[in-house]
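Source file: final_10.txt; contents: compact mmCIF, C-alpha atoms and all ligand atoms.
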# COMPACT_ATOMS: atom_id res chain seq x y z
CA MET I 6 -17.42 17.67 27.67
CA ASN I 7 -15.64 14.83 29.46
CA ARG I 8 -14.05 11.82 27.74
CA GLU I 9 -17.04 9.54 28.25
CA GLN I 10 -19.39 12.10 26.74
CA ILE I 11 -17.06 12.39 23.75
CA THR I 12 -17.20 8.61 23.26
CA THR I 13 -21.01 8.59 23.34
CA SER I 14 -21.20 11.58 20.99
CA ILE I 15 -18.78 10.07 18.46
CA ARG I 16 -20.81 6.85 18.36
CA GLN I 17 -24.08 8.73 17.82
CA TRP I 18 -22.57 11.09 15.25
CA VAL I 19 -21.34 8.20 13.11
CA VAL I 20 -24.79 6.60 13.23
CA ASP I 21 -26.43 9.93 12.29
CA HIS I 22 -24.00 10.52 9.40
CA ARG I 23 -24.01 7.04 7.93
CA THR I 24 -25.48 8.16 4.60
CA GLU I 25 -23.02 11.02 4.25
CA ALA I 26 -20.08 8.75 5.07
CA ILE I 27 -21.13 6.21 2.45
CA GLU I 28 -21.68 8.92 -0.13
CA LEU I 29 -18.19 10.31 0.46
CA ALA I 30 -16.47 6.93 0.05
CA SER I 31 -18.61 6.19 -2.99
CA ARG I 32 -17.73 9.55 -4.55
CA LEU I 33 -14.00 8.87 -4.09
CA VAL I 34 -14.40 5.52 -5.87
CA GLN I 35 -16.38 7.13 -8.70
CA ILE I 36 -13.54 9.54 -9.47
CA GLU I 37 -11.32 7.20 -11.46
CA SER I 38 -7.67 7.76 -10.47
CA VAL I 39 -5.87 4.89 -12.15
CA ASN I 40 -2.08 4.79 -12.22
CA HIS I 41 -0.70 4.12 -15.71
CA PRO I 42 3.07 4.09 -15.30
CA PRO I 43 4.87 6.28 -16.11
CA THR I 44 1.86 8.65 -15.80
CA GLY I 45 -1.29 8.63 -13.69
CA ASN I 46 -4.78 10.03 -13.60
CA GLU I 47 -5.02 11.37 -10.05
CA ALA I 48 -5.68 15.07 -10.82
CA GLU I 49 -9.48 15.17 -10.56
CA TYR I 50 -9.48 13.02 -7.43
CA GLN I 51 -6.89 15.27 -5.82
CA ARG I 52 -8.94 18.34 -6.72
CA PHE I 53 -12.03 16.81 -5.10
CA PHE I 54 -10.01 15.81 -2.04
CA ALA I 55 -8.62 19.35 -1.66
CA ASP I 56 -12.03 20.98 -2.20
CA TRP I 57 -13.63 18.71 0.38
CA MET I 58 -11.03 19.66 2.98
CA VAL I 59 -11.36 23.37 2.13
CA SER I 60 -15.12 23.08 2.64
CA GLU I 61 -14.33 21.77 6.13
CA ASN I 62 -12.14 24.82 6.81
CA ALA I 63 -8.87 22.96 6.64
CA GLU I 64 -5.73 24.81 5.63
CA VAL I 65 -5.04 23.02 2.35
CA GLU I 66 -1.94 22.96 0.17
CA THR I 67 -1.67 21.43 -3.28
CA TYR I 68 1.80 21.06 -4.79
CA GLU I 69 3.55 19.43 -7.70
CA LEU I 70 6.33 16.97 -6.97
CA SER I 71 8.68 19.04 -9.14
CA GLU I 72 8.40 21.84 -6.57
CA VAL I 73 9.86 19.71 -3.78
CA PRO I 74 13.58 20.49 -3.24
CA GLY I 75 15.86 17.48 -3.06
CA LEU I 76 13.27 14.96 -4.25
CA GLN I 77 14.92 13.88 -7.48
CA GLU I 78 18.34 13.68 -5.83
CA HIS I 79 17.05 11.51 -2.97
CA PRO I 80 18.48 7.96 -2.93
CA ALA I 81 14.99 6.47 -2.56
CA TYR I 82 13.56 8.38 -5.53
CA MET I 83 12.63 6.24 -8.55
CA ASP I 84 13.51 8.13 -11.69
CA SER I 85 11.18 6.55 -14.25
CA ARG I 86 7.87 8.34 -13.70
CA GLN I 87 6.29 11.53 -15.01
CA TYR I 88 4.55 13.95 -12.69
CA VAL I 89 2.92 16.63 -14.80
CA ASN I 90 -0.55 17.37 -13.39
CA ARG I 91 -0.16 14.86 -10.59
CA PRO I 92 -0.15 16.99 -7.43
CA ASN I 93 -0.01 15.94 -3.81
CA VAL I 94 -2.59 17.42 -1.45
CA VAL I 95 -2.35 17.98 2.29
CA GLY I 96 -4.83 19.58 4.68
CA ARG I 97 -4.38 20.68 8.29
CA PHE I 98 -7.28 20.46 10.72
CA PHE I 99 -7.27 21.96 14.20
CA GLY I 100 -4.29 24.11 14.94
CA GLY I 101 -3.43 23.46 18.52
CA ILE I 102 0.11 23.54 19.80
CA ALA I 103 -0.63 22.11 23.24
CA GLY I 104 -1.06 18.54 21.98
CA ARG I 105 0.71 16.06 19.74
CA SER I 106 0.22 15.93 16.00
CA LEU I 107 -1.06 13.10 13.81
CA LEU I 108 -0.91 12.62 10.05
CA PHE I 109 -3.14 10.35 7.98
CA SER I 110 -1.36 9.60 4.71
CA GLY I 111 -2.72 7.61 1.79
CA HIS I 112 -2.36 7.21 -1.94
CA ALA I 113 -4.80 8.68 -4.43
CA ASP I 114 -3.98 6.26 -7.25
CA THR I 115 -5.38 2.81 -7.84
CA VAL I 116 -4.40 -0.04 -10.13
CA TYR I 117 -6.54 -0.39 -13.26
CA GLU I 118 -9.82 -2.29 -13.27
CA GLY I 119 -8.26 -5.39 -14.87
CA LYS I 120 -9.57 -7.70 -17.56
CA GLU I 121 -11.71 -9.94 -15.38
CA PRO I 122 -15.46 -9.25 -15.41
CA TRP I 123 -16.92 -7.27 -12.50
CA THR I 124 -20.32 -8.01 -10.97
CA LEU I 125 -20.93 -4.28 -10.52
CA PRO I 126 -19.16 -1.64 -12.63
CA PRO I 127 -15.66 -0.94 -11.23
CA PHE I 128 -16.11 2.82 -10.83
CA SER I 129 -19.70 2.79 -9.61
CA GLY I 130 -19.15 2.69 -5.85
CA GLN I 131 -22.40 0.72 -5.59
CA ILE I 132 -23.54 -1.01 -2.42
CA ALA I 133 -24.68 -4.61 -2.07
CA ASP I 134 -24.96 -6.71 1.12
CA GLY I 135 -23.15 -4.20 3.32
CA LYS I 136 -20.25 -3.87 0.90
CA MET I 137 -19.20 -1.03 -1.34
CA TYR I 138 -17.80 -2.29 -4.63
CA GLY I 139 -15.30 -0.55 -6.82
CA ARG I 140 -11.66 -0.16 -7.73
CA GLY I 141 -9.96 1.55 -4.81
CA ALA I 142 -12.89 1.09 -2.39
CA TYR I 143 -10.64 -1.07 -0.20
CA ASP I 144 -7.17 0.02 -1.42
CA MET I 145 -7.40 2.72 -0.19
CA LYS I 146 -10.16 5.25 -0.71
CA GLY I 147 -12.35 3.77 2.03
CA GLY I 148 -9.63 4.32 4.64
CA MET I 149 -9.02 7.88 3.45
CA ALA I 150 -12.74 8.64 3.55
CA ALA I 151 -12.78 7.35 7.15
CA ALA I 152 -10.00 9.80 8.08
CA LEU I 153 -11.91 12.68 6.49
CA MET I 154 -15.13 11.72 8.28
CA ALA I 155 -13.31 11.32 11.61
CA VAL I 156 -12.07 14.93 11.57
CA LYS I 157 -15.47 16.14 10.39
CA CYS I 158 -17.04 14.29 13.32
CA LEU I 159 -14.77 15.96 15.89
CA LYS I 160 -15.26 19.38 14.28
CA ASN I 161 -19.05 18.98 14.25
CA LEU I 162 -19.00 17.91 17.87
CA CYS I 163 -16.77 20.90 18.72
CA VAL I 164 -14.24 18.71 20.51
CA PRO I 165 -11.36 21.13 21.27
CA ILE I 166 -8.49 19.05 19.89
CA ALA I 167 -5.19 20.17 21.42
CA GLY I 168 -2.84 19.20 18.57
CA LYS I 169 -2.76 19.27 14.80
CA VAL I 170 -4.25 16.67 12.46
CA TYR I 171 -3.08 16.42 8.85
CA ILE I 172 -4.61 14.42 6.03
CA GLU I 173 -2.34 13.85 3.06
CA SER I 174 -3.30 12.35 -0.29
CA VAL I 175 -0.26 11.42 -2.37
CA VAL I 176 0.10 10.38 -6.00
CA ASP I 177 1.83 7.35 -7.52
CA GLU I 178 2.05 4.63 -4.91
CA GLU I 179 1.00 1.67 -7.04
CA HIS I 180 3.44 -0.23 -9.27
CA GLY I 181 6.35 0.47 -6.96
CA GLY I 182 5.78 4.23 -6.94
CA ALA I 183 6.05 5.87 -3.51
CA ASN I 184 7.71 9.03 -4.87
CA GLY I 185 4.61 11.00 -3.81
CA THR I 186 5.03 9.78 -0.25
CA LEU I 187 8.73 10.64 -0.33
CA ALA I 188 7.85 14.13 -1.57
CA GLY I 189 5.49 14.50 1.40
CA ARG I 190 8.26 13.55 3.81
CA LEU I 191 10.78 15.94 2.29
CA ARG I 192 8.31 18.81 2.17
CA GLY I 193 6.46 17.98 5.38
CA PRO I 194 4.38 17.95 7.41
CA ASN I 195 6.34 15.60 9.61
CA ALA I 196 3.91 14.91 12.40
CA ASP I 197 4.62 13.10 15.67
CA MET I 198 2.97 9.96 14.27
CA ALA I 199 1.37 8.80 11.04
CA ILE I 200 -1.40 6.37 10.23
CA ILE I 201 -1.50 4.83 6.75
CA PRO I 202 -5.11 3.75 6.12
CA GLU I 203 -4.13 0.93 3.76
CA PRO I 204 -6.48 -2.04 4.10
CA SER I 205 -5.38 -3.87 7.23
CA ASN I 206 -8.71 -5.51 8.07
CA MET I 207 -8.70 -3.46 11.29
CA LYS I 208 -5.39 -4.95 12.41
CA LEU I 209 -2.46 -2.93 13.69
CA TYR I 210 0.53 -3.28 11.39
CA PRO I 211 3.56 -1.48 12.87
CA ALA I 212 5.72 -3.16 10.21
CA HIS I 213 5.27 -4.14 6.58
CA LEU I 214 6.99 -6.39 4.07
CA GLY I 215 9.10 -5.10 1.22
CA GLY I 216 9.13 -6.35 -2.33
CA GLY I 217 10.39 -5.92 -5.84
CA ILE I 218 9.54 -7.05 -9.37
CA TRP I 219 12.27 -8.49 -11.56
CA LYS I 220 12.30 -9.76 -15.12
CA ALA I 221 14.25 -12.83 -16.20
CA THR I 222 14.82 -13.17 -19.95
CA PHE I 223 15.93 -16.26 -21.85
CA THR I 224 17.34 -16.64 -25.35
CA GLY I 225 17.31 -20.14 -26.82
CA LYS I 226 18.12 -21.62 -30.21
CA SER I 227 15.01 -21.49 -32.31
CA GLY I 228 13.85 -23.41 -35.39
CA ILE I 229 13.19 -27.01 -36.37
CA GLY I 230 16.07 -29.48 -36.33
CA PHE I 231 15.91 -30.73 -39.95
CA ALA I 232 19.58 -31.65 -39.82
CA GLY I 233 19.37 -32.99 -36.27
CA GLU I 234 21.08 -29.90 -34.85
CA GLU I 235 20.54 -29.13 -31.17
CA LEU I 236 17.86 -26.58 -30.47
CA ILE I 237 17.07 -24.96 -27.15
CA SER I 238 13.52 -24.05 -26.25
CA ALA I 239 13.48 -20.73 -24.41
CA LEU I 240 9.95 -21.63 -23.27
CA GLU I 241 11.15 -24.76 -21.51
CA ALA I 242 14.06 -22.88 -19.97
CA THR I 243 11.60 -20.28 -18.71
CA ILE I 244 9.46 -23.01 -17.18
CA GLU I 245 12.53 -24.55 -15.57
CA PHE I 246 13.34 -21.18 -14.04
CA ALA I 247 9.75 -20.91 -12.80
CA ASN I 248 10.22 -24.26 -11.06
CA PHE I 249 13.54 -23.04 -9.69
CA LEU I 250 11.78 -19.97 -8.22
CA LYS I 251 9.16 -22.21 -6.61
CA ALA I 252 11.94 -24.26 -5.03
CA TYR I 253 13.63 -21.04 -3.93
CA ASN I 254 10.39 -19.94 -2.27
CA ILE I 255 10.34 -23.11 -0.18
CA TYR I 256 14.04 -22.78 0.63
CA ARG I 257 13.63 -19.17 1.81
CA LYS I 258 10.72 -20.04 4.06
CA GLU I 259 12.84 -22.68 5.75
CA HIS I 260 16.11 -20.76 5.96
CA VAL I 261 15.49 -17.02 6.13
CA GLU I 262 15.16 -15.77 9.68
CA VAL I 263 11.63 -14.46 10.25
CA PRO I 264 11.38 -11.25 12.33
CA SER I 265 9.01 -11.46 15.28
CA TRP I 266 6.32 -9.32 13.58
CA TRP I 267 5.73 -12.12 11.06
CA GLN I 268 6.20 -15.12 13.37
CA ASP I 269 2.47 -15.90 13.32
CA GLY I 270 1.59 -14.29 10.01
CA ARG I 271 2.28 -14.77 6.34
CA LYS I 272 5.97 -15.12 5.51
CA ALA I 273 7.84 -13.33 2.72
CA GLU I 274 7.04 -15.00 -0.61
CA VAL I 275 8.42 -15.48 -4.09
CA THR I 276 5.58 -15.10 -6.59
CA LEU I 277 5.46 -15.73 -10.34
CA LEU I 278 3.69 -12.89 -12.17
CA THR I 279 3.82 -13.44 -15.95
CA ILE I 280 5.37 -15.81 -18.46
CA ILE I 281 5.62 -14.86 -22.11
CA SER I 282 7.22 -17.00 -24.77
CA GLY I 283 6.90 -17.58 -28.50
CA ASP I 284 4.92 -15.41 -30.87
CA VAL I 285 1.78 -14.81 -28.81
CA ASN I 286 0.01 -13.23 -31.80
CA ARG I 287 0.01 -16.52 -33.75
CA GLU I 288 -1.97 -19.50 -32.61
CA LEU I 289 0.00 -21.95 -34.72
CA GLN I 290 3.69 -22.01 -33.86
CA GLU I 291 6.10 -23.46 -36.40
CA LYS I 292 9.23 -23.67 -34.24
CA LEU I 293 10.63 -23.83 -30.75
CA PRO I 294 10.28 -20.43 -29.12
CA GLU I 295 13.48 -18.39 -29.22
CA ASN I 296 12.66 -16.02 -26.36
CA GLY I 297 11.13 -16.34 -22.94
CA GLU I 298 10.33 -13.81 -20.23
CA LEU I 299 9.32 -14.37 -16.67
CA ASN I 300 8.38 -11.57 -14.28
CA PHE I 301 8.48 -12.36 -10.60
CA TRP I 302 8.02 -10.68 -7.25
CA ILE I 303 10.18 -11.34 -4.20
CA GLU I 304 9.30 -10.04 -0.77
CA GLY I 305 11.73 -9.14 1.96
CA TYR I 306 11.90 -8.27 5.65
CA PRO I 307 13.22 -5.07 7.22
CA GLY I 308 16.93 -4.59 6.57
CA MET I 309 16.98 -6.46 3.23
CA THR I 310 17.82 -4.66 0.00
CA GLY I 311 16.87 -5.53 -3.57
CA GLU I 312 20.55 -6.13 -4.41
CA LYS I 313 20.95 -8.55 -1.53
CA ILE I 314 17.77 -10.42 -2.45
CA ILE I 315 19.01 -10.98 -6.00
CA SER I 316 22.54 -11.90 -4.95
CA ASP I 317 21.07 -14.49 -2.55
CA LEU I 318 18.94 -15.81 -5.41
CA TRP I 319 22.02 -16.19 -7.65
CA GLU I 320 23.86 -17.98 -4.86
CA PHE I 321 21.03 -20.52 -4.55
CA TYR I 322 20.88 -20.76 -8.34
CA HIS I 323 24.52 -21.79 -8.64
CA VAL I 324 24.18 -24.39 -5.90
CA GLN I 325 21.08 -25.89 -7.54
CA LEU I 326 22.07 -25.56 -11.20
CA SER I 327 22.82 -29.28 -11.70
CA GLU I 328 19.10 -29.93 -11.16
CA TYR I 329 18.15 -27.69 -14.08
CA PRO I 330 19.81 -28.91 -17.30
CA LEU I 331 18.16 -26.38 -19.60
CA LEU I 332 19.23 -23.45 -17.48
CA GLN I 333 22.83 -24.60 -17.90
CA LYS I 334 22.49 -23.94 -21.62
CA CYS I 335 20.10 -21.02 -21.40
CA LYS I 336 21.06 -18.72 -18.56
CA PRO I 337 18.56 -16.13 -17.29
CA GLN I 338 19.36 -12.43 -17.51
CA ILE I 339 17.74 -10.71 -14.54
CA ARG I 340 16.94 -7.03 -14.14
CA PRO I 341 14.68 -5.06 -11.78
CA LEU I 342 11.46 -3.58 -13.22
CA ILE I 343 10.76 -1.24 -10.32
CA ARG I 344 12.67 0.23 -7.41
CA TYR I 345 12.78 -2.23 -4.54
CA LEU I 346 10.17 -1.25 -1.96
CA SER I 347 11.95 -1.66 1.36
CA ALA I 348 10.28 -3.37 4.26
CA SER I 349 10.22 -1.27 7.42
CA GLU I 350 8.99 -1.10 10.97
CA MET I 351 7.96 1.68 13.33
CA LYS I 352 10.56 2.74 15.83
CA LEU I 353 9.22 1.41 19.11
CA ASP I 354 10.80 3.91 21.47
CA ALA I 355 8.72 5.38 24.31
CA LYS I 356 6.73 7.53 21.88
CA GLY I 357 6.10 4.66 19.46
CA ALA I 358 5.06 2.29 22.22
CA ASP I 359 2.77 4.96 23.68
CA PHE I 360 1.15 5.44 20.29
CA LEU I 361 0.54 1.71 19.77
CA ARG I 362 -0.95 1.47 23.24
CA THR I 363 -3.19 4.49 22.58
CA VAL I 364 -4.41 3.05 19.29
CA ALA I 365 -5.21 -0.33 20.87
CA GLU I 366 -7.01 1.32 23.80
CA CYS I 367 -9.04 3.46 21.40
CA GLY I 368 -10.13 0.31 19.57
CA LYS I 369 -11.80 -0.84 22.76
CA LYS I 370 -13.91 2.31 22.80
CA VAL I 371 -15.49 1.21 19.53
CA HIS I 372 -18.09 -1.54 19.82
CA ASN I 373 -17.22 -5.02 18.62
CA ILE I 374 -13.57 -4.42 17.78
CA LEU I 375 -11.44 -7.28 18.99
CA SER I 376 -8.00 -5.77 19.15
CA ALA I 377 -5.60 -8.44 17.86
CA PRO I 378 -1.94 -8.05 18.85
CA PRO I 379 0.07 -5.94 16.40
CA GLU I 380 1.75 -7.92 13.61
CA GLY I 381 3.65 -7.42 10.37
CA ALA I 382 1.61 -6.50 7.30
CA PRO I 383 1.58 -9.24 4.66
CA PHE I 384 2.15 -6.66 1.91
CA ALA I 385 4.61 -4.01 0.77
CA CYS I 386 3.59 -0.35 0.86
CA ASP I 387 5.04 3.15 1.09
CA GLY I 388 5.42 3.02 4.90
CA PHE I 389 9.20 2.78 4.52
CA MET I 390 9.30 6.37 3.28
CA PHE I 391 8.17 7.30 6.79
CA ASN I 392 10.07 4.78 8.86
CA LEU I 393 13.37 4.95 6.97
CA TYR I 394 13.48 8.48 5.58
CA SER I 395 11.60 10.73 8.01
CA SER I 396 11.20 11.47 11.69
CA THR I 397 7.56 10.29 11.60
CA PRO I 398 6.92 6.61 12.37
CA ALA I 399 3.95 5.13 10.51
CA LEU I 400 1.38 2.57 11.57
CA VAL I 401 -0.77 0.81 8.96
CA LEU I 402 -4.39 0.64 10.12
CA GLY I 403 -7.32 0.49 7.73
CA PRO I 404 -10.67 -1.08 6.94
CA SER I 405 -11.80 -4.60 6.12
CA GLY I 406 -12.81 -5.71 2.67
CA GLY I 407 -11.45 -7.89 -0.08
CA ASN I 408 -10.33 -8.47 -3.66
CA ALA I 409 -7.67 -5.77 -3.66
CA HIS I 410 -6.22 -5.32 -7.17
CA ALA I 411 -8.78 -7.88 -8.48
CA ALA I 412 -12.33 -7.80 -9.85
CA ASP I 413 -15.12 -7.04 -7.35
CA GLU I 414 -12.85 -5.17 -4.94
CA PHE I 415 -15.00 -4.20 -1.98
CA LEU I 416 -15.00 -2.23 1.26
CA ASP I 417 -16.82 -3.70 4.25
CA LEU I 418 -19.12 -0.87 5.33
CA ASN I 419 -19.44 -2.01 8.92
CA SER I 420 -15.67 -1.81 9.35
CA TYR I 421 -15.68 1.56 7.58
CA GLU I 422 -18.05 3.01 10.18
CA GLN I 423 -16.05 1.45 13.01
CA LEU I 424 -12.89 2.90 11.54
CA ILE I 425 -14.35 6.43 11.51
CA GLN I 426 -15.01 6.07 15.23
CA TRP I 427 -11.63 4.49 15.86
CA TYR I 428 -9.75 7.28 14.05
CA ALA I 429 -11.78 9.90 15.91
CA HIS I 430 -10.84 8.35 19.26
CA ILE I 431 -7.17 8.13 18.26
CA ILE I 432 -7.19 11.83 17.39
CA VAL I 433 -8.79 12.70 20.74
CA ASP I 434 -6.42 10.57 22.81
CA TRP I 435 -3.20 11.06 20.86
CA CYS I 436 -3.52 14.78 20.14
CA GLY I 437 -5.37 15.45 23.40
CA PHE I 438 -8.22 17.90 23.96
CA LEU I 439 -8.64 21.03 26.02
CA ASP I 440 -10.87 21.18 29.08
CA THR I 441 -13.18 24.10 29.77
CA GLU I 442 -10.35 26.10 31.38
CA GLY I 443 -8.17 25.53 28.30
CA GLY I 444 -5.90 22.96 29.94
CA LYS I 445 -4.86 19.90 27.94
CA VAL I 446 -6.44 16.59 28.90
ZN ZN I 501 -2.61 0.61 -1.39
Mind turning this structure into C-alpha cells?
Ligand SMILES: [Zn+2]
Amino acid sequence: MNREQITTSIRQWVVDHRTEAIELASRLVQIESVNHPPTGNEAEYQRFFADWMVSENAEVETYELSEVPGLQEHPAYMDSRQYVNRPNVVGRFFGGIAGRSLLFSGHADTVYEGKEPWTLPPFSGQIADGKMYGRGAYDMKGGMAAALMAVKCLKNLCVPIAGKVYIESVVDEEHGGANGTLAGRLRGPNADMAIIPEPSNMKLYPAHLGGGIWKATFTGKSGIGFAGEELISALEATIEFANFLKAYNIYRKEHVEVPSWWQDGRKAEVTLLTIISGDVNRELQEKLPENGELNFWIEGYPGMTGEKIISDLWEFYHVQLSEYPLLQKCKPQIRPLIRYLSASEMKLDAKGADFLRTVAECGKKVHNILSAPPEGAPFACDGFMFNLYSSTPALVLGPSGGNAHAADEFLDLNSYEQLIQWYAHIIVDWCGFLDTEGGKV
C-alpha cells in the first residue's frame, strides 16, 4: 500500500463508517459525565471508553489519581478536589518502535447542562441539520470520538503504523481542574507529541490562553438612615468595582504586550461572571445591602502567573481609585476561587516545527479543509500541563461546532468526519508506516 492508496482508502473508510462514527460520538454524549466540584461523575464514561478501546485490541490501563506518585506534591496540583471513583484511562494502539509516537489526550468531564432551556435534551446526542446536539458533543467528546475512529480506521485498513498511538481520557478538567492531565504526565505515557482534541473549529492552536477565577467581596454599612447616619451600599460598591474591571479590561488591551500567536485573534479578556448582593431570597428589601460579591475571570498570556495578574490589577486599582468614591470606603477583598490555569505554547524546536508542518500538510489531504495559519487559542485549557510540566508538547486541534458550556451545544458532523480523516493522516505521517519489506516510510 503506497501513501496515495492510503489516502484514498481513509476517505472511503470514513464514508463507509459514517453511521458507526455518529453512533460512537452520540453514545459518548449520552453517558452523562458532569463535573460537580469537588467531585465528578466520569466513572461510567471512563468505563465505556476503556471497554471500547479493549474491543479494538488496545492495551488499556485504568488508574486512580491517588495511585500516581508525586501528584499531590506537584506545584501545579490543585488540592481542593476529590478523586474517589474518578479514574483516568489510557489505551495504546499499534506497538511499533521504528516510528514516532503520538498521544491524543482529552477530558472526560463536561460542565453541567445549565438552567437555560435546550431545544433537544442535553444528553440525547440527537442529530438535526448536520449537527449533533448535547452537552459535551463539542467540548470535547466529538474530538475524542474522532481520535478513536481514526485509529479504528487505520487498524481496519491494516496500515502498518511504525510508531505508537495513545488515546488518553482524563478526569476533572472543567472548573479549573487539570489534575487528571497532570496525573497523566507524571505517570506517562509521554509521547513525542500530543494532540488535544478540544474544539478548535479545525484550526491549529499551538498556544492557548490562561485564566483564573477570583472573588471580590464587599462589606458596607447596612440599614436605613433614620438618624441621617452615613450608610454604604455594598451593592453599589460592587457595581463600581464591576465598572472598574471593565475599565481595566480596556486598559489591558491597550497596554499589555500581545504575543504573536494572538496578534490577529482574540486578546486576553477580563470577564464578569456573577454579582450577588442583598438577600436574594426576599423580593422586598428593607435596607441597603450589607454584602456584595463579584466573581470575575481574567485571562493571561504565556509567562503570566495568577499572582502577577492580581498584583497588576491592584496597581491599576490604586492609580484609578479617585474615580471610584464608593470603593474608597468599601474596599474589595480578593481571593482566587480556582488554581490559575497557565497559558502555554508548544516548544517550536525542530521537532515541534516538523509536527506543525506535518499536521498542516495532512489537512490538505482531507477535502475542503482550508488550513489557516496556526494561532493562539482564545480559551484556557489543560495544555499547560504538557507544555510546562512534561517533555510532550501539545497542539490543540479539534472539531467545529458551537455553544460550548451553553444550551444547545452542538458538534458539526461534517467537521467531525473530516477530523477523523485528518487524525488518521497525522498518525500515518507522524508515526510513519512500514513498507512491504518492513522498512519505515
Ligand atoms: Zn474542554
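Residues of protein or nucleic acid lying within 7 Å of ligand ZN 501 (chain I), counting all atoms listed in the file, are His112, Asp144, Met145, Glu179, Glu203 and Cys386 of chain I.
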Go ahead and write the selection's residues with C-alpha atoms as a PDB file, in the coordinates of the input.
ATOM      1  CA  HIS I 112      -2.360   7.210  -1.940  1.00  0.00           C
ATOM      2  CA  ASP I 144      -7.170   0.020  -1.420  1.00  0.00           C
ATOM      3  CA  MET I 145      -7.400   2.720  -0.190  1.00  0.00           C
ATOM      4  CA  GLU I 179       1.000   1.670  -7.040  1.00  0.00           C
ATOM      5  CA  GLU I 203      -4.130   0.930   3.760  1.00  0.00           C
ATOM      6  CA  CYS I 386       3.590  -0.350   0.860  1.00  0.00           C
TER       7      CYS I 386
END
### Query
Contacts of region 97-105 of chain I at 9 Å or less, counting only C-alpha atoms, minus same-chain residues fewer than 2 places along, as an MDAnalysis selection string?
chainID I and resid 58 61:66 95 107:108 156 160 165:173 196:198 435:439 444:446
Can I get the selected residues back with C-alpha atoms, as a PDB file, in the coordinates of the input?
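See result.pdb below for the written result:
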ATOM      1  CA  MET I  58     -11.030  19.660   2.980  1.00  0.00           C
ATOM      2  CA  GLU I  61     -14.330  21.770   6.130  1.00  0.00           C
ATOM      3  CA  ASN I  62     -12.140  24.820   6.810  1.00  0.00           C
ATOM      4  CA  ALA I  63      -8.870  22.960   6.640  1.00  0.00           C
ATOM      5  CA  GLU I  64      -5.730  24.810   5.630  1.00  0.00           C
ATOM      6  CA  VAL I  65      -5.040  23.020   2.350  1.00  0.00           C
ATOM      7  CA  GLU I  66      -1.940  22.960   0.170  1.00  0.00           C
ATOM      8  CA  VAL I  95      -2.350  17.980   2.290  1.00  0.00           C
ATOM      9  CA  LEU I 107      -1.060  13.100  13.810  1.00  0.00           C
ATOM     10  CA  LEU I 108      -0.910  12.620  10.050  1.00  0.00           C
ATOM     11  CA  VAL I 156     -12.070  14.930  11.570  1.00  0.00           C
ATOM     12  CA  LYS I 160     -15.260  19.380  14.280  1.00  0.00           C
ATOM     13  CA  PRO I 165     -11.360  21.130  21.270  1.00  0.00           C
ATOM     14  CA  ILE I 166      -8.490  19.050  19.890  1.00  0.00           C
ATOM     15  CA  ALA I 167      -5.190  20.170  21.420  1.00  0.00           C
ATOM     16  CA  GLY I 168      -2.840  19.200  18.570  1.00  0.00           C
ATOM     17  CA  LYS I 169      -2.760  19.270  14.800  1.00  0.00           C
ATOM     18  CA  VAL I 170      -4.250  16.670  12.460  1.00  0.00           C
ATOM     19  CA  TYR I 171      -3.080  16.420   8.850  1.00  0.00           C
ATOM     20  CA  ILE I 172      -4.610  14.420   6.030  1.00  0.00           C
ATOM     21  CA  GLU I 173      -2.340  13.850   3.060  1.00  0.00           C
ATOM     22  CA  ALA I 196       3.910  14.910  12.400  1.00  0.00           C
ATOM     23  CA  ASP I 197       4.620  13.100  15.670  1.00  0.00           C
ATOM     24  CA  MET I 198       2.970   9.960  14.270  1.00  0.00           C
ATOM     25  CA  TRP I 435      -3.200  11.060  20.860  1.00  0.00           C
ATOM     26  CA  CYS I 436      -3.520  14.780  20.140  1.00  0.00           C
ATOM     27  CA  GLY I 437      -5.370  15.450  23.400  1.00  0.00           C
ATOM     28  CA  PHE I 438      -8.220  17.900  23.960  1.00  0.00           C
ATOM     29  CA  LEU I 439      -8.640  21.030  26.020  1.00  0.00           C
ATOM     30  CA  GLY I 444      -5.900  22.960  29.940  1.00  0.00           C
ATOM     31  CA  LYS I 445      -4.860  19.900  27.940  1.00  0.00           C
ATOM     32  CA  VAL I 446      -6.440  16.590  28.900  1.00  0.00           C
TER      33      VAL I 446
END
#### Entry: Selection: 7 Å around region 238-253 of chain I, only C-alpha atoms, excl. self and same-chain fewer than 6 positions, as a count of residues only
18
For Arg23 (chain I), work out the shell of residues within 12 Å, counting only C-alpha atoms and skipping chain neighbours fewer than 2 positions away, then give it as a compact mmCIF listing (two decimals) with C-alpha atoms, in the coordinates of the input.
# COMPACT_ATOMS: atom_id res chain seq x y z
CA ARG I 16 -20.81 6.85 18.36
CA GLN I 17 -24.08 8.73 17.82
CA TRP I 18 -22.57 11.09 15.25
CA VAL I 19 -21.34 8.20 13.11
CA VAL I 20 -24.79 6.60 13.23
CA ASP I 21 -26.43 9.93 12.29
CA GLU I 25 -23.02 11.02 4.25
CA ALA I 26 -20.08 8.75 5.07
CA ILE I 27 -21.13 6.21 2.45
CA GLU I 28 -21.68 8.92 -0.13
CA LEU I 29 -18.19 10.31 0.46
CA ALA I 30 -16.47 6.93 0.05
CA ALA I 151 -12.78 7.35 7.15
CA MET I 154 -15.13 11.72 8.28
CA CYS I 158 -17.04 14.29 13.32
CA LEU I 418 -19.12 -0.87 5.33
CA ASN I 419 -19.44 -2.01 8.92
CA TYR I 421 -15.68 1.56 7.58
CA GLU I 422 -18.05 3.01 10.18
CA GLN I 423 -16.05 1.45 13.01
CA ILE I 425 -14.35 6.43 11.51
CA GLN I 426 -15.01 6.07 15.23
### Task
For Pro211 (chain I), please output as a PyMOL selection string all residues within 12 Å (counting only C-alpha atoms; exclusion window: fewer than 3 positions along the same chain).
chain I and resi 198-201+205+208+214+265-267+307+348-353+357-358+360-362+364-365+378-383+388-389+391-392+398-402
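What separates CA of Gly305 (chain I) from CA of Leu187 (chain I) is a distance of 20.1 Å.
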### Residues near Gly130 (chain I), cut-off 10 Å, only C-alpha atoms, skip fewer than 2 positions along chain, as number ranges by chain
I: 27-36, 125-128, 132-133, 136-142, 415-416
Size and centre in Å, one decimal, axis-aligned box, all listed region 276-283 of chain I atoms plus 5 Å per side, as lines of an AutoDock Vina configuration file:
center_x = 5.5
center_y = -15.2
center_z = -17.5
size_x = 13.5
size_y = 14.7
size_z = 31.9
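CA of Gln87 (chain I) lies 16.4 Å from CA of Gly75 (chain I).
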